[in-house]
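Trainee: One file is attached below, run.json, containing JSON, C-alpha atoms.
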```json
[["chain", "number", "residue", "atom", "x", "y", "z"],
["A", 98, "MET", "CA", 8.06, -44.21, 41.10],
["A", 99, "ASN", "CA", 9.97, -42.15, 38.50],
["A", 100, "LEU", "CA", 11.09, -38.64, 39.30],
["A", 101, "ILE", "CA", 12.15, -36.01, 36.82],
["A", 102, "VAL", "CA", 15.31, -34.22, 37.83],
["A", 103, "LEU", "CA", 15.99, -30.86, 36.21],
["A", 104, "LYS", "CA", 19.34, -29.17, 36.37],
["A", 105, "LYS", "CA", 19.70, -25.43, 36.88],
["A", 106, "GLY", "CA", 20.67, -24.89, 33.21],
["A", 107, "SER", "CA", 17.55, -26.73, 31.99],
["A", 108, "ILE", "CA", 15.27, -24.62, 34.19],
["A", 109, "ILE", "CA", 16.87, -21.40, 32.90],
["A", 110, "ALA", "CA", 16.48, -22.57, 29.26],
["A", 111, "ILE", "CA", 12.79, -23.40, 29.82],
["A", 112, "LEU", "CA", 12.12, -20.02, 31.48],
["A", 113, "VAL", "CA", 13.91, -18.12, 28.68],
["A", 114, "THR", "CA", 11.91, -20.02, 26.04],
["A", 115, "ILE", "CA", 8.61, -19.24, 27.82],
["A", 116, "MET", "CA", 9.60, -15.57, 28.08],
["A", 117, "ILE", "CA", 10.46, -15.34, 24.34],
["A", 118, "ILE", "CA", 7.15, -16.99, 23.37],
["A", 119, "THR", "CA", 5.23, -14.64, 25.69],
["A", 120, "VAL", "CA", 6.92, -11.49, 24.34],
["A", 121, "GLY", "CA", 6.40, -12.65, 20.74],
["A", 122, "THR", "CA", 2.73, -13.36, 21.36],
["A", 123, "ILE", "CA", 2.14, -9.98, 23.00],
["A", 124, "TRP", "CA", 3.92, -8.20, 20.13],
["A", 125, "ALA", "CA", 1.96, -10.10, 17.47],
["A", 126, "LEU", "CA", -1.40, -9.42, 19.13],
["A", 127, "SER", "CA", -0.70, -5.74, 19.80],
["A", 128, "SER", "CA", 0.37, -4.98, 16.20],
["A", 129, "LYS", "CA", -2.58, -6.64, 14.42],
["A", 130, "ASN", "CA", -4.08, -3.28, 13.39],
["A", 131, "SER", "CA", -0.88, -1.67, 12.12],
["A", 132, "TYR", "CA", -0.22, -1.24, 8.43],
["A", 133, "PRO", "CA", 3.25, -0.66, 7.03],
["A", 134, "THR", "CA", 2.00, 1.82, 4.41],
["A", 135, "VAL", "CA", 0.29, 4.14, 6.89],
["A", 136, "SER", "CA", 1.97, 7.42, 7.81],
["A", 137, "LEU", "CA", -0.59, 9.13, 9.99],
["A", 138, "SER", "CA", 0.06, 12.42, 11.66],
["A", 139, "ASP", "CA", -0.16, 12.63, 15.44],
["A", 140, "LYS", "CA", -1.81, 16.04, 15.08],
["A", 141, "LYS", "CA", -5.58, 15.93, 14.71],
["A", 142, "GLY", "CA", -6.75, 17.37, 11.40],
["A", 143, "GLU", "CA", -3.31, 17.27, 9.75],
["A", 144, "LYS", "CA", -3.20, 15.67, 6.31],
["A", 145, "GLN", "CA", -1.86, 12.21, 5.73],
["A", 146, "VAL", "CA", 0.60, 12.49, 2.84],
["A", 147, "ILE", "CA", 1.08, 9.47, 0.57],
["A", 148, "GLN", "CA", 3.77, 9.43, -2.14],
["A", 149, "LEU", "CA", 3.13, 7.36, -5.28],
["A", 150, "VAL", "CA", 5.00, 6.98, -8.56],
["A", 151, "THR", "CA", 4.21, 5.55, -11.98],
["A", 152, "GLY", "CA", 6.27, 2.52, -12.90],
["A", 153, "GLU", "CA", 6.79, 0.25, -15.88],
["A", 154, "PHE", "CA", 7.85, -3.37, -16.23],
["A", 155, "LYS", "CA", 9.22, -4.72, -19.51],
["A", 156, "SER", "CA", 10.02, -8.26, -20.51],
["A", 157, "GLU", "CA", 10.32, -10.46, -23.56],
["A", 158, "THR", "CA", 8.40, -13.66, -24.29],
["A", 159, "PRO", "CA", 10.24, -16.80, -25.47],
["A", 160, "SER", "CA", 9.11, -15.93, -29.01],
["A", 161, "GLY", "CA", 10.84, -12.52, -28.77],
["A", 162, "LYS", "CA", 7.72, -10.37, -28.36],
["A", 163, "GLU", "CA", 8.25, -7.44, -25.99],
["A", 164, "ILE", "CA", 5.59, -7.06, -23.31],
["A", 165, "GLU", "CA", 5.16, -4.30, -20.77],
["A", 166, "ALA", "CA", 2.90, -3.27, -17.93],
["A", 167, "TYR", "CA", 2.43, 0.02, -16.11],
["A", 168, "ARG", "CA", 1.81, 0.18, -12.35],
["A", 169, "TRP", "CA", 1.21, 2.60, -9.50],
["A", 170, "ASP", "CA", 3.75, 2.19, -6.72],
["A", 171, "PRO", "CA", 2.86, 1.44, -4.00],
["A", 172, "GLY", "CA", -0.03, -0.63, -5.32],
["A", 173, "THR", "CA", -1.98, -0.54, -2.05],
["A", 174, "ILE", "CA", -2.26, 2.25, 0.50],
["A", 175, "VAL", "CA", -4.26, 2.47, 3.71],
["A", 176, "VAL", "CA", -5.93, 5.65, 4.93],
["A", 177, "GLU", "CA", -8.32, 6.54, 7.73],
["A", 178, "LYS", "CA", -11.98, 7.27, 7.12],
["A", 179, "ASP", "CA", -12.83, 11.02, 7.30],
["A", 180, "HIS", "CA", -9.12, 11.91, 7.56],
["A", 181, "PRO", "CA", -7.70, 14.41, 5.03],
["A", 182, "VAL", "CA", -5.29, 12.72, 2.62],
["A", 183, "GLU", "CA", -2.86, 14.23, 0.13],
["A", 184, "LEU", "CA", -1.82, 11.89, -2.69],
["A", 185, "ARG", "CA", 1.41, 13.09, -4.31],
["A", 186, "ILE", "CA", 1.82, 11.15, -7.56],
["A", 187, "TYR", "CA", 5.06, 11.55, -9.51],
["A", 188, "GLY", "CA", 5.25, 10.55, -13.18],
["A", 189, "VAL", "CA", 8.32, 8.40, -13.85],
["A", 190, "ASN", "CA", 7.35, 6.07, -16.69],
["A", 191, "GLY", "CA", 4.90, 6.78, -19.51],
["A", 192, "MET", "CA", 4.20, 10.23, -20.97],
["A", 193, "GLU", "CA", 0.88, 10.67, -19.16],
["A", 194, "HIS", "CA", -1.63, 8.70, -17.15],
["A", 195, "PRO", "CA", -5.17, 10.10, -16.99],
["A", 196, "PHE", "CA", -6.77, 8.60, -13.89],
["A", 197, "TYR", "CA", -9.86, 8.53, -11.73],
["A", 198, "ILE", "CA", -10.67, 7.20, -8.27],
["A", 199, "GLU", "CA", -13.58, 4.82, -8.52],
["A", 200, "GLY", "CA", -16.55, 5.78, -6.35],
["A", 201, "THR", "CA", -15.54, 9.46, -6.23],
["A", 202, "ASP", "CA", -15.61, 12.42, -8.62],
["A", 203, "ILE", "CA", -11.80, 12.71, -8.54],
["A", 204, "LYS", "CA", -10.01, 12.77, -11.91],
["A", 205, "GLY", "CA", -6.62, 13.97, -13.02],
["A", 206, "THR", "CA", -3.56, 13.31, -15.14],
["A", 207, "VAL", "CA", -0.05, 12.39, -14.09],
["A", 208, "LYS", "CA", 2.62, 13.54, -16.56],
["A", 209, "LYS", "CA", 6.18, 12.28, -16.86],
["A", 210, "GLY", "CA", 8.58, 14.35, -14.76],
["A", 211, "GLU", "CA", 5.76, 16.15, -12.93],
["A", 212, "GLU", "CA", 4.01, 15.68, -9.61],
["A", 213, "THR", "CA", 0.22, 15.66, -9.43],
["A", 214, "VAL", "CA", -1.29, 16.45, -6.01],
["A", 215, "VAL", "CA", -4.74, 15.16, -5.11],
["A", 216, "ASN", "CA", -6.47, 16.18, -1.88],
["A", 217, "VAL", "CA", -9.21, 13.82, -0.75],
["A", 218, "SER", "CA", -11.09, 12.56, 2.29],
["A", 219, "PHE", "CA", -13.07, 9.32, 2.18],
["A", 220, "SER", "CA", -16.33, 9.29, 4.14],
["A", 221, "LYS", "CA", -17.04, 5.58, 3.68],
["A", 222, "GLU", "CA", -14.87, 2.61, 4.62],
["A", 223, "GLY", "CA", -13.95, 0.20, 1.85],
["A", 224, "THR", "CA", -11.53, -0.26, -1.01],
["A", 225, "TYR", "CA", -11.34, 2.39, -3.72],
["A", 226, "ARG", "CA", -9.47, 1.81, -6.97],
["A", 227, "LEU", "CA", -7.11, 4.40, -8.49],
["A", 228, "ILE", "CA", -7.41, 3.53, -12.20],
["A", 229, "CYS", "CA", -5.32, 4.78, -15.12],
["A", 230, "GLU", "CA", -7.69, 5.20, -18.08],
["A", 231, "THR", "CA", -4.91, 4.51, -20.60],
["A", 232, "HIS", "CA", -3.84, 1.22, -19.00],
["A", 233, "GLU", "CA", -7.07, -0.29, -17.60],
["A", 234, "THR", "CA", -6.56, -3.82, -18.96],
["A", 235, "ILE", "CA", -3.80, -6.29, -19.84],
["A", 236, "ASP", "CA", -4.46, -5.59, -23.54],
["A", 237, "ARG", "CA", -3.55, -1.96, -22.83],
["A", 238, "ASN", "CA", -0.35, -2.66, -20.80],
["A", 239, "GLY", "CA", -2.11, -2.79, -17.45],
["A", 240, "PRO", "CA", -4.02, -3.13, -15.34],
["A", 241, "MET", "CA", -2.63, 0.05, -13.83],
["A", 242, "ILE", "CA", -4.74, 0.02, -10.69],
["A", 243, "ALA", "CA", -3.83, 0.96, -7.12],
["A", 244, "TYR", "CA", -6.02, 0.10, -4.15],
["A", 245, "ILE", "CA", -6.89, 2.69, -1.51],
["A", 246, "VAL", "CA", -8.09, 0.91, 1.59],
["A", 247, "VAL", "CA", -10.16, 3.18, 3.84],
["A", 248, "ASP", "CA", -10.30, 1.86, 7.41]]
```
How does the structure come out when it is put into structure tokens?
Mentor:
Amino acid sequence: MNLIVLKKGSIIAILVTIMIITVGTIWALSSKNSYPTVSLSDKKGEKQVIQLVTGEFKSETPSGKEIEAYRWDPGTIVVEKDHPVELRIYGVNGMEHPFYIEGTDIKGTVKKGEETVVNVSFSKEGTYRLICETHETIDRNGPMIAYIVVD
């Protein structure tokens, strides 16, 4: 008959390992619905304010051709359904970016050096696209599309 003998140090190491795994599991399961881009107010009815900027990437191909792409930053935001949202979009790159939010009647233009404020509330869950009309495709230095996830 073989017996397993554990020393005090081994028992402590096993218990510490079990405790770390338990805490990590609880943390991972409890944070499954959190989104790093959400900045919700604790006060009911207060607007969620999201800051965005226009950005540009430039590069050169091996043949020497310059290529560029315009982007919204951040490219994905998460908002709550039926919660008032204020999008504050600051123009950094590009002279102007006429835009619309797909699935809504919201349109506007972001100009370089200026901030455009859009107030909106989404009544349906889903993903809405914020699309720059100037840079909709790769051929037009895009796609300059941000995703608004309504949860």
Trainee: Need to verify the contact set: region 233-248 of chain A, 9 Å, all atoms listed in the file, exclusion of same-chain residues closer than 6 positions in sequence. Can you return it as a list in words?
Mentor: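 Selected residues are Thr151, Ile164, Glu165, Ala166, Tyr167, Arg168, Trp169, Asp170, Pro171, Gly172, Thr173, Ile174, Val175, Val176, Glu177, Lys178, Asp179, Ile198, Phe219, Ser220, Lys221, Glu222, Gly223, Thr224, Tyr225, Arg226 and Leu227 of chain A.
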Trainee: What's the 10 Å shell around Met192 (chain A), counting only C-alpha atoms, without same-chain residues fewer than 2 positions away, as a ChimeraX atom specification?
Mentor: /A:188-190,194,207-210
Trainee: Calculate how many Å separate CA of Val182 (chain A) from CA of Val217 (chain A), rounding to one decimal.
Mentor: 5.3 Å
Trainee: From the set A:Lys144, A:Val214, A:Ile228, A:Ile123, which residue has the shortest atom-to-atom contact distance to Thr201 (chain A), counting only C-alpha atoms?
Mentor: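 Smallest separation from Thr201 (chain A) among the options: A:Ile228.
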Trainee: So, counting only C-alpha atoms, which residue among A:Leu184, A:Ile115, A:Ile109, A:Leu100 is closest to Val150 (chain A)?
Mentor: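 Of A:Leu184, A:Ile115, A:Ile109, A:Leu100, the one nearest Val150 (chain A) is A:Leu184, counting only C-alpha atoms.
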Trainee: List as a ChimeraX atom specification the residues having at least one atom at most 6 Å from position (-0.6, 12.1, -8.0) as given in the file, counting all atoms listed in the file.
Mentor: /A:184-187,213-215
Trainee: One number please: CA of Gly205 (chain A) to CA of Cys229 (chain A), in Å, one decimal.
Mentor: 9.5 Å
Trainee: Measuring atom to atom with all atoms listed in the file, identify which of A:Gly106, A:Pro159, A:Gly121, A:Pro181 is nearest to Glu143 (chain A).
Mentor: A:Pro181
Trainee: CA of Ala125 (chain A) and CA of Ser107 (chain A), how far apart in Å?
Mentor: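 These atoms are spaced 27.0 Å apart.
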Trainee: Looking at all atoms listed in the file, which of A:His180, A:Ser127, A:Ile203, A:Gly191 is the one that sits closest to Gly152 (chain A)?
Mentor: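 Going through A:His180, A:Ser127, A:Ile203, A:Gly191 one by one, the smallest distance to Gly152 (chain A) is for A:Gly191.
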